[in-house]
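J.: My structure is in data-v4.txt, and what it holds is compact mmCIF, C-alpha atoms:
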# COMPACT_ATOMS: atom_id res chain seq x y z
CA MET A 1 12.09 15.08 -4.42
CA THR A 2 11.96 13.36 -1.05
CA SER A 3 10.38 16.43 0.56
CA ALA A 4 7.85 16.68 -2.23
CA ALA A 5 6.99 12.98 -2.00
CA GLY A 6 6.56 13.37 1.75
CA LEU A 7 4.27 16.38 1.34
CA PHE A 8 2.22 14.68 -1.38
CA ASP A 9 1.92 11.61 0.87
CA LYS A 10 0.84 13.62 3.89
CA ALA A 11 -1.30 16.41 2.47
CA GLY A 12 -2.23 14.90 -0.89
CA TYR A 13 -0.94 15.78 -4.33
CA HIS A 14 -3.84 18.03 -5.20
CA THR A 15 -3.82 20.18 -2.10
CA THR A 16 -0.07 20.81 -2.18
CA ASN A 17 1.12 23.80 -4.20
CA MET A 18 4.47 25.02 -5.54
CA ALA A 19 4.81 27.59 -2.74
CA GLN A 20 4.53 24.87 -0.11
CA LEU A 21 6.96 22.65 -2.00
CA ALA A 22 9.49 25.51 -2.26
CA SER A 23 9.12 26.40 1.40
CA ALA A 24 9.62 22.75 2.46
CA VAL A 25 13.12 22.80 0.97
CA GLY A 26 13.95 26.38 1.96
CA LEU A 27 13.70 27.83 -1.54
CA GLY A 28 11.73 30.71 -2.95
CA LYS A 29 8.98 29.79 -5.38
CA PRO A 30 10.78 31.41 -8.37
CA THR A 31 13.89 29.34 -7.63
CA LEU A 32 11.85 26.12 -7.57
CA TYR A 33 10.29 27.14 -10.90
CA HIS A 34 13.81 27.59 -12.25
CA TYR A 35 14.38 23.85 -11.81
CA PHE A 36 10.89 22.44 -12.42
CA SER A 37 8.23 23.68 -14.81
CA GLY A 38 5.59 22.84 -12.21
CA LYS A 39 4.10 20.27 -9.87
CA ASP A 40 3.63 17.86 -12.79
CA GLU A 41 7.33 17.71 -13.46
CA ILE A 42 8.10 17.07 -9.79
CA LEU A 43 5.55 14.26 -9.86
CA PHE A 44 7.34 12.80 -12.86
CA TRP A 45 10.74 12.86 -11.15
CA ILE A 46 9.31 11.18 -8.06
CA HIS A 47 8.17 8.37 -10.32
CA GLU A 48 11.64 8.16 -11.85
CA GLU A 49 13.29 8.00 -8.45
CA PHE A 50 11.00 5.13 -7.55
CA ILE A 51 11.26 2.96 -10.63
CA ASP A 52 14.86 3.47 -11.82
CA PRO A 53 16.59 1.92 -8.77
CA LEU A 54 14.15 -1.02 -8.84
CA ILE A 55 15.07 -1.77 -12.45
CA ALA A 56 18.80 -1.34 -11.75
CA LYS A 57 18.65 -3.75 -8.80
CA ALA A 58 16.62 -6.30 -10.76
CA GLU A 59 19.27 -6.15 -13.49
CA LEU A 60 22.00 -6.93 -10.92
CA HIS A 61 19.97 -9.83 -9.49
CA ARG A 62 19.47 -11.18 -13.00
CA GLN A 63 23.22 -11.34 -13.53
CA ALA A 64 23.91 -13.09 -10.20
CA GLY A 65 23.18 -16.61 -11.43
CA LEU A 66 20.54 -17.38 -8.77
CA SER A 67 17.70 -19.88 -8.86
CA ALA A 68 14.40 -18.34 -9.96
CA SER A 69 13.10 -18.64 -6.41
CA GLU A 70 16.08 -16.86 -4.86
CA GLU A 71 16.03 -14.14 -7.51
CA LEU A 72 12.36 -13.60 -6.74
CA ARG A 73 13.16 -13.29 -3.04
CA LEU A 74 15.53 -10.37 -3.74
CA ILE A 75 12.94 -8.67 -5.96
CA MET A 76 10.31 -8.95 -3.24
CA ARG A 77 12.76 -7.59 -0.66
CA ASP A 78 13.57 -4.63 -2.94
CA ILE A 79 9.92 -3.71 -3.35
CA ILE A 80 8.90 -4.05 0.30
CA ALA A 81 12.02 -2.18 1.48
CA LEU A 82 10.62 0.85 -0.34
CA MET A 83 7.70 0.99 2.10
CA GLU A 84 10.27 1.90 4.75
CA THR A 85 12.60 4.11 2.71
CA HIS A 86 10.33 5.70 0.09
CA ARG A 87 6.83 5.64 1.49
CA GLY A 88 5.77 8.92 -0.10
CA HIS A 89 7.27 7.98 -3.46
CA VAL A 90 5.39 4.68 -3.44
CA ARG A 91 2.01 6.21 -2.69
CA VAL A 92 2.51 8.88 -5.32
CA PHE A 93 3.57 6.25 -7.84
CA PHE A 94 0.56 4.03 -7.24
CA GLU A 95 -2.12 6.69 -6.82
CA HIS A 96 -1.08 9.54 -9.10
CA GLN A 97 0.31 7.81 -12.15
CA ARG A 98 -2.85 8.62 -14.05
CA GLU A 99 -2.29 12.31 -13.44
CA LEU A 100 1.08 12.47 -15.18
CA GLY A 101 1.04 14.38 -18.46
CA GLY A 102 1.11 12.50 -21.79
CA GLU A 103 4.84 12.14 -22.50
CA HIS A 104 5.74 11.65 -18.84
CA GLN A 105 3.05 9.01 -18.47
CA THR A 106 4.30 7.12 -21.51
CA SER A 107 7.85 7.09 -20.17
CA ILE A 108 6.84 5.88 -16.70
CA ARG A 109 4.45 3.26 -18.09
CA SER A 110 7.17 1.88 -20.27
CA LYS A 111 9.52 1.51 -17.28
CA ARG A 112 6.78 -0.06 -15.18
CA ASP A 113 6.10 -2.53 -18.03
CA GLN A 114 9.82 -3.25 -18.28
CA TYR A 115 10.02 -4.06 -14.57
CA GLU A 116 6.94 -6.26 -14.72
CA ALA A 117 8.42 -8.10 -17.70
CA MET A 118 11.64 -8.72 -15.74
CA VAL A 119 9.67 -10.32 -12.90
CA GLU A 120 7.55 -12.35 -15.30
CA ALA A 121 10.77 -13.61 -16.93
CA ILE A 122 11.90 -14.94 -13.54
CA VAL A 123 8.60 -16.80 -13.11
CA ALA A 124 8.92 -18.18 -16.65
CA ARG A 125 12.49 -19.34 -15.99
CA GLY A 126 11.33 -21.05 -12.79
CA VAL A 127 8.70 -22.88 -14.82
CA SER A 128 11.07 -23.88 -17.62
CA GLN A 129 13.65 -25.11 -15.10
CA GLY A 130 11.03 -27.19 -13.27
CA GLU A 131 11.17 -25.12 -10.07
CA PHE A 132 7.72 -23.55 -10.48
CA SER A 133 4.51 -24.71 -12.02
CA THR A 134 1.69 -22.41 -13.10
CA THR A 135 -0.85 -22.29 -15.87
CA ASN A 136 -0.44 -18.55 -16.30
CA GLU A 137 2.88 -16.78 -15.74
CA ARG A 138 1.34 -13.35 -16.26
CA LEU A 139 -1.27 -13.83 -13.54
CA ALA A 140 1.31 -15.38 -11.21
CA THR A 141 3.40 -12.22 -11.71
CA LEU A 142 0.42 -10.00 -10.92
CA ALA A 143 -0.13 -12.02 -7.73
CA ILE A 144 3.50 -11.40 -6.70
CA PHE A 145 3.13 -7.66 -7.30
CA GLY A 146 -0.19 -7.69 -5.45
CA VAL A 147 1.29 -9.25 -2.33
CA CYS A 148 4.28 -6.87 -2.33
CA ASN A 149 2.75 -3.63 -3.54
CA TRP A 150 -0.33 -3.82 -1.35
CA SER A 151 1.91 -3.43 1.70
CA TYR A 152 1.98 0.32 0.94
CA GLN A 153 -1.56 0.32 2.37
CA TRP A 154 -0.76 -1.35 5.69
CA TYR A 155 2.99 -1.18 6.32
CA ARG A 156 3.92 0.86 9.39
CA SER A 157 7.48 1.66 10.36
CA GLY A 158 8.57 0.16 13.65
CA GLY A 159 6.23 -2.83 13.45
CA ASP A 160 6.92 -6.42 14.44
CA HIS A 161 8.84 -7.35 11.31
CA THR A 162 11.60 -5.84 9.19
CA THR A 163 10.78 -5.38 5.53
CA ASP A 164 13.10 -8.32 4.72
CA GLU A 165 11.19 -10.56 7.12
CA LEU A 166 7.90 -9.54 5.52
CA ALA A 167 9.31 -10.16 2.05
CA ASP A 168 10.63 -13.58 3.08
CA PHE A 169 7.26 -14.58 4.54
CA PHE A 170 5.44 -13.57 1.35
CA HIS A 171 8.14 -15.15 -0.80
CA ASP A 172 7.75 -18.48 0.95
CA LEU A 173 3.96 -18.33 0.59
CA VAL A 174 4.12 -17.50 -3.12
CA THR A 175 6.91 -19.89 -4.08
CA ASN A 176 5.25 -22.64 -2.06
CA GLY A 177 2.10 -21.90 -4.04
CA LEU A 178 4.04 -21.96 -7.31
CA ALA A 179 6.13 -25.01 -6.44
CA ALA A 180 6.09 -27.68 -9.11
CA PRO A 181 4.49 -30.85 -7.74
CA ALA A 182 7.13 -33.29 -6.54
CA PRO A 183 7.76 -36.07 -9.08
CA LYS A 184 5.66 -39.08 -8.20
CA ALA A 185 7.55 -41.92 -6.57
CA ARG A 186 7.98 -44.86 -8.93
CA PRO A 187 5.87 -47.82 -7.96
CA MET B 1 -23.45 7.20 -5.63
CA THR B 2 -22.51 5.19 -8.71
CA SER B 3 -22.29 8.34 -10.82
CA ALA B 4 -20.18 10.06 -8.19
CA ALA B 5 -17.85 7.06 -7.88
CA GLY B 6 -17.51 7.01 -11.67
CA LEU B 7 -16.69 10.72 -11.80
CA PHE B 8 -14.21 10.47 -8.93
CA ASP B 9 -12.58 7.51 -10.68
CA LYS B 10 -12.35 9.29 -14.02
CA ALA B 11 -11.61 12.89 -13.11
CA GLY B 12 -10.24 12.46 -9.58
CA TYR B 13 -11.90 13.23 -6.28
CA HIS B 14 -10.21 16.59 -5.86
CA THR B 15 -11.03 18.02 -9.26
CA THR B 16 -14.71 17.04 -9.15
CA ASN B 17 -17.10 19.54 -7.56
CA MET B 18 -20.70 19.43 -6.32
CA ALA B 19 -21.97 21.18 -9.48
CA GLN B 20 -20.51 18.44 -11.67
CA LEU B 21 -21.85 15.74 -9.39
CA ALA B 22 -25.33 17.30 -9.49
CA SER B 23 -25.25 17.68 -13.24
CA ALA B 24 -24.16 14.04 -13.71
CA VAL B 25 -27.41 12.86 -12.14
CA GLY B 26 -29.62 15.57 -13.63
CA LEU B 27 -30.11 17.49 -10.41
CA GLY B 28 -29.56 21.12 -9.53
CA LYS B 29 -26.76 21.82 -7.08
CA PRO B 30 -29.18 22.96 -4.30
CA THR B 31 -31.10 19.70 -4.62
CA LEU B 32 -27.92 17.67 -4.26
CA TYR B 33 -27.03 19.72 -1.17
CA HIS B 34 -30.47 18.88 0.20
CA TYR B 35 -29.40 15.22 0.37
CA PHE B 36 -25.67 15.52 1.06
CA SER B 37 -23.86 18.09 3.15
CA GLY B 38 -21.03 18.03 0.61
CA LYS B 39 -18.51 16.00 -1.34
CA ASP B 40 -17.18 14.48 1.90
CA GLU B 41 -20.49 12.90 2.70
CA ILE B 42 -20.81 11.46 -0.78
CA LEU B 43 -17.33 10.02 -0.36
CA PHE B 44 -18.45 8.41 2.88
CA TRP B 45 -21.50 6.79 1.29
CA ILE B 46 -19.40 5.41 -1.54
CA HIS B 47 -17.27 3.69 1.09
CA GLU B 48 -20.40 2.32 2.75
CA GLU B 49 -21.72 0.95 -0.55
CA PHE B 50 -18.41 -0.80 -1.07
CA ILE B 51 -17.83 -2.40 2.32
CA ASP B 52 -21.37 -3.25 3.53
CA PRO B 53 -22.20 -5.81 0.82
CA LEU B 54 -18.77 -7.43 1.24
CA ILE B 55 -19.41 -7.94 4.94
CA ALA B 56 -22.96 -9.21 4.33
CA LYS B 57 -21.72 -11.75 1.76
CA ALA B 58 -18.89 -12.90 4.02
CA GLU B 59 -21.44 -13.47 6.77
CA LEU B 60 -23.51 -15.67 4.44
CA HIS B 61 -20.43 -17.65 3.40
CA ARG B 62 -19.52 -18.13 7.05
CA GLN B 63 -22.88 -19.74 7.71
CA ALA B 64 -22.67 -22.09 4.73
CA GLY B 65 -20.58 -24.76 6.43
CA LEU B 66 -17.78 -24.77 3.83
CA SER B 67 -14.17 -25.83 4.21
CA ALA B 68 -11.83 -22.90 4.94
CA SER B 69 -10.42 -23.15 1.45
CA GLU B 70 -13.82 -23.03 -0.25
CA GLU B 71 -14.98 -20.17 1.96
CA LEU B 72 -11.84 -18.28 0.99
CA ARG B 73 -12.59 -18.88 -2.69
CA LEU B 74 -15.98 -17.15 -2.34
CA ILE B 75 -14.40 -14.23 -0.50
CA MET B 76 -11.81 -13.78 -3.23
CA ARG B 77 -14.51 -13.97 -5.91
CA ASP B 78 -16.54 -11.31 -4.06
CA ILE B 79 -13.61 -8.90 -3.93
CA ILE B 80 -12.43 -9.33 -7.51
CA ALA B 81 -16.00 -9.13 -8.85
CA LEU B 82 -16.06 -5.55 -7.56
CA MET B 83 -13.38 -4.58 -10.08
CA GLU B 84 -16.01 -5.22 -12.76
CA THR B 85 -19.12 -3.92 -11.00
CA HIS B 86 -17.80 -1.15 -8.72
CA ARG B 87 -14.54 0.04 -10.23
CA GLY B 88 -14.98 3.65 -9.17
CA HIS B 89 -16.07 2.69 -5.66
CA VAL B 90 -12.99 0.51 -5.24
CA ARG B 91 -10.53 3.17 -6.33
CA VAL B 92 -12.18 5.76 -4.12
CA PHE B 93 -12.14 3.35 -1.18
CA PHE B 94 -8.46 2.51 -1.55
CA GLU B 95 -7.12 5.94 -2.47
CA HIS B 96 -9.30 8.41 -0.60
CA GLN B 97 -9.98 6.75 2.71
CA ARG B 98 -7.49 9.09 4.37
CA GLU B 99 -9.52 12.08 3.24
CA LEU B 100 -12.71 11.07 5.02
CA GLY B 101 -13.55 13.28 7.98
CA GLY B 102 -12.95 12.07 11.55
CA GLU B 103 -16.21 10.30 12.44
CA HIS B 104 -16.70 8.95 8.92
CA GLN B 105 -13.15 7.64 8.87
CA THR B 106 -13.60 5.87 12.21
CA SER B 107 -16.78 4.18 11.01
CA ILE B 108 -15.23 2.98 7.73
CA ARG B 109 -12.01 1.83 9.41
CA SER B 110 -13.99 -0.21 11.87
CA LYS B 111 -15.88 -1.96 9.04
CA ARG B 112 -12.66 -2.56 7.12
CA ASP B 113 -11.11 -4.05 10.27
CA GLN B 114 -14.21 -6.21 10.76
CA TYR B 115 -13.93 -7.57 7.23
CA GLU B 116 -10.22 -8.26 7.60
CA ALA B 117 -10.91 -10.07 10.88
CA MET B 118 -13.51 -12.26 9.14
CA VAL B 119 -10.96 -13.30 6.51
CA GLU B 120 -8.25 -13.88 9.13
CA ALA B 121 -10.71 -16.11 11.01
CA ILE B 122 -11.08 -18.28 7.90
CA VAL B 123 -7.31 -18.64 7.65
CA ALA B 124 -7.13 -19.48 11.37
CA ARG B 125 -9.87 -22.09 11.00
CA GLY B 126 -8.00 -23.64 8.06
CA VAL B 127 -4.91 -23.89 10.25
CA SER B 128 -6.75 -25.35 13.24
CA GLN B 129 -8.50 -27.89 11.02
CA GLY B 130 -5.20 -28.95 9.44
CA GLU B 131 -6.07 -27.63 5.98
CA PHE B 132 -3.60 -24.73 6.02
CA SER B 133 -0.26 -24.22 7.62
CA THR B 134 1.32 -20.82 8.24
CA THR B 135 3.49 -19.24 10.89
CA ASN B 136 1.55 -15.98 10.76
CA GLU B 137 -2.19 -15.84 10.07
CA ARG B 138 -2.23 -12.05 10.02
CA LEU B 139 0.43 -11.82 7.30
CA ALA B 140 -1.21 -14.61 5.32
CA THR B 141 -4.43 -12.57 5.41
CA LEU B 142 -2.62 -9.47 4.20
CA ALA B 143 -1.19 -11.53 1.34
CA ILE B 144 -4.69 -12.63 0.34
CA PHE B 145 -5.93 -9.03 0.36
CA GLY B 146 -2.85 -7.96 -1.57
CA VAL B 147 -3.45 -10.44 -4.37
CA CYS B 148 -7.16 -9.56 -4.63
CA ASN B 149 -7.14 -5.82 -3.97
CA TRP B 150 -4.19 -5.04 -6.21
CA SER B 151 -6.30 -6.07 -9.19
CA TYR B 152 -7.93 -2.64 -9.01
CA GLN B 153 -4.66 -1.38 -10.54
CA TRP B 154 -4.60 -3.70 -13.55
CA TYR B 155 -8.06 -5.20 -14.07
CA ARG B 156 -9.64 -4.23 -17.37
CA SER B 157 -13.17 -5.11 -18.34
CA GLY B 158 -13.44 -7.41 -21.34
CA GLY B 159 -10.09 -9.11 -20.77
CA ASP B 160 -9.20 -12.77 -21.19
CA HIS B 161 -10.65 -13.91 -17.89
CA THR B 162 -13.86 -13.40 -15.94
CA THR B 163 -13.41 -12.08 -12.42
CA ASP B 164 -14.33 -15.56 -11.09
CA GLU B 165 -11.59 -17.14 -13.19
CA LEU B 166 -9.08 -14.63 -11.87
CA ALA B 167 -10.21 -15.25 -8.30
CA ASP B 168 -9.95 -19.02 -8.76
CA PHE B 169 -6.42 -18.73 -10.16
CA PHE B 170 -5.31 -16.60 -7.22
CA HIS B 171 -7.18 -18.81 -4.78
CA ASP B 172 -5.37 -21.91 -6.03
CA LEU B 173 -2.00 -20.15 -5.81
CA VAL B 174 -2.61 -18.90 -2.28
CA THR B 175 -4.19 -22.07 -0.87
CA ASN B 176 -1.46 -24.16 -2.50
CA GLY B 177 1.03 -21.89 -0.75
CA LEU B 178 -0.83 -22.27 2.55
CA ALA B 179 -1.43 -26.00 2.21
CA ALA B 180 -0.36 -27.98 5.22
CA PRO B 181 2.44 -30.37 4.28
CA ALA B 182 1.10 -33.84 3.50
CA PRO B 183 1.62 -36.27 6.38
CA LYS B 184 4.78 -38.25 5.82
CA ALA B 185 4.26 -41.79 4.62
CA ARG B 186 4.97 -44.32 7.32
CA PRO B 187 8.14 -46.25 6.71
Mind converting the file's structure to structure tokens?
T.:
Amino acid sequence: MTSAAGLFDKAGYHTTNMAQLASAVGLGKPTLYHYFSGKDEILFWIHEEFIDPLIAKAELHRQAGLSASEELRLIMRDIIALMETHRGHVRVFFEHQRELGGEHQTSIRSKRDQYEAMVEAIVARGVSQGEFSTTNERLATLAIFGVCNWSYQWYRSGGDHTTDELADFFHDLVTNGLAAPAPKARP
Amino acid sequence: MTSAAGLFDKAGYHTTNMAQLASAVGLGKPTLYHYFSGKDEILFWIHEEFIDPLIAKAELHRQAGLSASEELRLIMRDIIALMETHRGHVRVFFEHQRELGGEHQTSIRSKRDQYEAMVEAIVARGVSQGEFSTTNERLATLAIFGVCNWSYQWYRSGGDHTTDELADFFHDLVTNGLAAPAPKARP
């Protein structure tokens, strides 16, 4: 899956064929077809490998009893870390989701929606506990994903910052932006 | 160009051929080849149509004598408006830039860098004028692009908010996050 994601990232999903995918992992084409019905199915499993660990980690963070802000920090670190560890997976996930077949697309969409709902629930908890303030939790969530996910376009390995440092910078910017106004001092 | 961007958006760049592009605008294939050397060149012009107006508008905003925050609001409105008016262009720009040929890619990259530098200059001005506060103007700029650009993944025409309303929501979140801390009250 990692080889396939790397090839799709480098050469493009459309220009890569099953023979190249088989050769990249030292298999014959018939052997690869024994495991996968075709390129579509490999694309599906790349999506799974991307989204399943994110959901599992978010579930662990949820159970850790953190403030909404600190839980959000871990989420943002998880996502941006993928730009270092799963670059090909990420690009494939963002750019080729529309090309998944019907049933596969439904399954991946439902997991993506689940993950988005988990993040929105953190924002909502922050609001209800007085840590955050926003008129629209859904749009605030989309802003958080925007800041994190967009890094797939510009992140380069070996740059000035670790992925955790990047995530912490963005986290501070977003949570500062979402911070509930301080209670007014009594006269 | 608009028809081509629409087709690329709907059917994918790789699966669309010159015959389909010609037919979409009521031309014969030879006539289309009279104007464009091939799909690559059409891809290049779609990029141009996307980035040139953004730069021209940013230049106008720069000359309008606005606060950094208000100039940033107009920039964010410009970008998100494209999700309504140039959806296909945007997707092509973000997802197929790597597939442009050498000289075309250099030209587009240089314009993209120019636009990013214009936005970073607004952030820097906000910092120097005491309106914003951030430890890293480059990363703050990437956060702004992330919030705006990511909307190409989720924006749907006819939703609950106009593109200006979306931009204003994101603008308030980001500028609130970048706001310089209020001067401490004197004891």
J.: Output as CSV one row per residue of chain A within 10 Å of chain B: the closest atom pair and its distance in Å to one decimal place, counting only C-alpha atoms, sorted by chain and residue number ascending.
T.:
residue,atom,partner,partner_atom,distance
A:Lys10,CA,B:Arg98,CA,9.5
A:Ala11,CA,B:Glu99,CA,9.3
A:Gly12,CA,B:Glu99,CA,8.8
A:Tyr13,CA,B:His14,CA,9.4
A:His14,CA,B:His14,CA,6.6
A:Thr15,CA,B:His14,CA,8.2
A:Arg91,CA,B:Glu95,CA,9.1
A:Phe94,CA,B:Gln153,CA,8.2
A:Glu95,CA,B:Glu95,CA,6.7
A:His96,CA,B:Gly12,CA,9.6
A:Arg98,CA,B:Gly12,CA,9.5
A:Glu99,CA,B:Gly12,CA,8.8
A:Thr134,CA,B:Leu173,CA,8.5
A:Thr135,CA,B:Phe169,CA,8.7
A:Asn136,CA,B:Phe169,CA,8.6
A:Leu139,CA,B:Phe169,CA,7.9
A:Ala140,CA,B:Phe170,CA,7.8
A:Leu142,CA,B:Val147,CA,7.6
A:Ala143,CA,B:Val147,CA,5.0
A:Ile144,CA,B:Val147,CA,7.4
A:Phe145,CA,B:Val147,CA,7.7
A:Gly146,CA,B:Val147,CA,4.4
A:Val147,CA,B:Gly146,CA,4.4
A:Cys148,CA,B:Gly146,CA,7.3
A:Asn149,CA,B:Gly146,CA,7.3
A:Trp150,CA,B:Gly146,CA,4.9
A:Ser151,CA,B:Gly146,CA,7.3
A:Tyr152,CA,B:Gly146,CA,9.9
A:Gln153,CA,B:Phe94,CA,8.2
A:Trp154,CA,B:Leu142,CA,8.5
A:Leu166,CA,B:Leu139,CA,8.0
A:Phe169,CA,B:Leu139,CA,7.9
A:Phe170,CA,B:Ala143,CA,6.9
A:His171,CA,B:Gly177,CA,9.8
A:Asp172,CA,B:Gly177,CA,7.7
A:Leu173,CA,B:Gly177,CA,4.8
A:Val174,CA,B:Gly177,CA,5.9
A:Thr175,CA,B:Gly177,CA,7.0
A:Asn176,CA,B:Gly177,CA,4.5
A:Gly177,CA,B:Gly177,CA,3.5
A:Leu178,CA,B:Leu173,CA,6.5
A:Ala179,CA,B:Gly177,CA,8.3
J.: Please report the interatomic distance between CA of Ala124 in chain A and CA of Ala81 in chain A in Å with one decimal.
T.: 24.4 Å
J.: Hey, can you check how far CA of Val119 in chain A sits from CA of Asp168 in chain A?
T.: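 Distance reported for this atom pair: 16.3 Å.
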J.: Please determine, counting all atoms listed in the file, which residue among A:Ile122, A:Ile75, A:Leu7, A:Val127 has the shortest atom-to-atom distance to Gly88 in chain A.
T.: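 Among the listed residues, the smallest separation from Gly88 in chain A belongs to A:Leu7.
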J.: Can you tell me how far CA of Tyr155 in chain A sits from CA of Tyr115 in chain B, in Å to one decimal?
T.: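 Between CA of Tyr155 in chain A and CA of Tyr115 in chain B the gap works out to 18.1 Å.
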J.: Residues at most 8 Å from Glu84 in chain B, counting all atoms listed in the file, excluding those fewer than 2 positions away in the same chain, as number ranges by chain?
T.: B: 80-82, 86-87, 156-157, 163
J.: What lies within 10 Å of range 28-39 of chain A using only C-alpha atoms, ignoring chain neighbours under 2 positions off, as a list of chain:residue names?
T.: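 Non-adjacent residues within range: A:Ala4, A:Tyr13, A:His14, A:Thr16, A:Asn17, A:Met18, A:Ala19, A:Gln20, A:Leu21, A:Ala22, A:Ser23, A:Ala24, A:Val25, A:Gly26, A:Glu41, A:Ile42, A:Leu43, A:Phe44, A:Trp45, A:Leu100.
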J.: From the options A:Arg125, A:His161, A:Lys111, A:Arg138, which residue's atoms come nearest to Ala56 in chain A, counting all atoms listed in the file?
T.: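 That would be A:Lys111, the residue with the smallest distance to Ala56 in chain A.
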J.: Output, as AutoDock Vina command-line options, the centre and edge lengths in Å (one decimal) of the axis-aligned box that contains all listed atoms of range 153-157 of chain B with 3 Å of margin on each side.
T.:
--center_x -8.9 --center_y -3.3 --center_z -14.4 --size_x 14.6 --size_y 9.8 --size_z 13.8
J.: Using all atoms listed in the file, pick whichever of B:Ala5, B:Leu72, B:Ile55, B:Ala180 has the shortest atom-to-atom distance to Ser110 in chain B.
T.: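 Under the stated criterion, the closest residue is B:Ile55.
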J.: Using all atoms listed in the file, which of the listed residues (A:Glu71, A:Ile46, A:Ser3, A:Thr141) sits closest to Val90 in chain A?
T.: A:Ile46
J.: Pick out the closest residue to Val123 in chain A from this set: A:Ser69, A:Glu165, A:Ala64, A:Asp78. Count all atoms listed in the file.
T.: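 Smallest distance to Val123 in chain A is found for A:Ser69.
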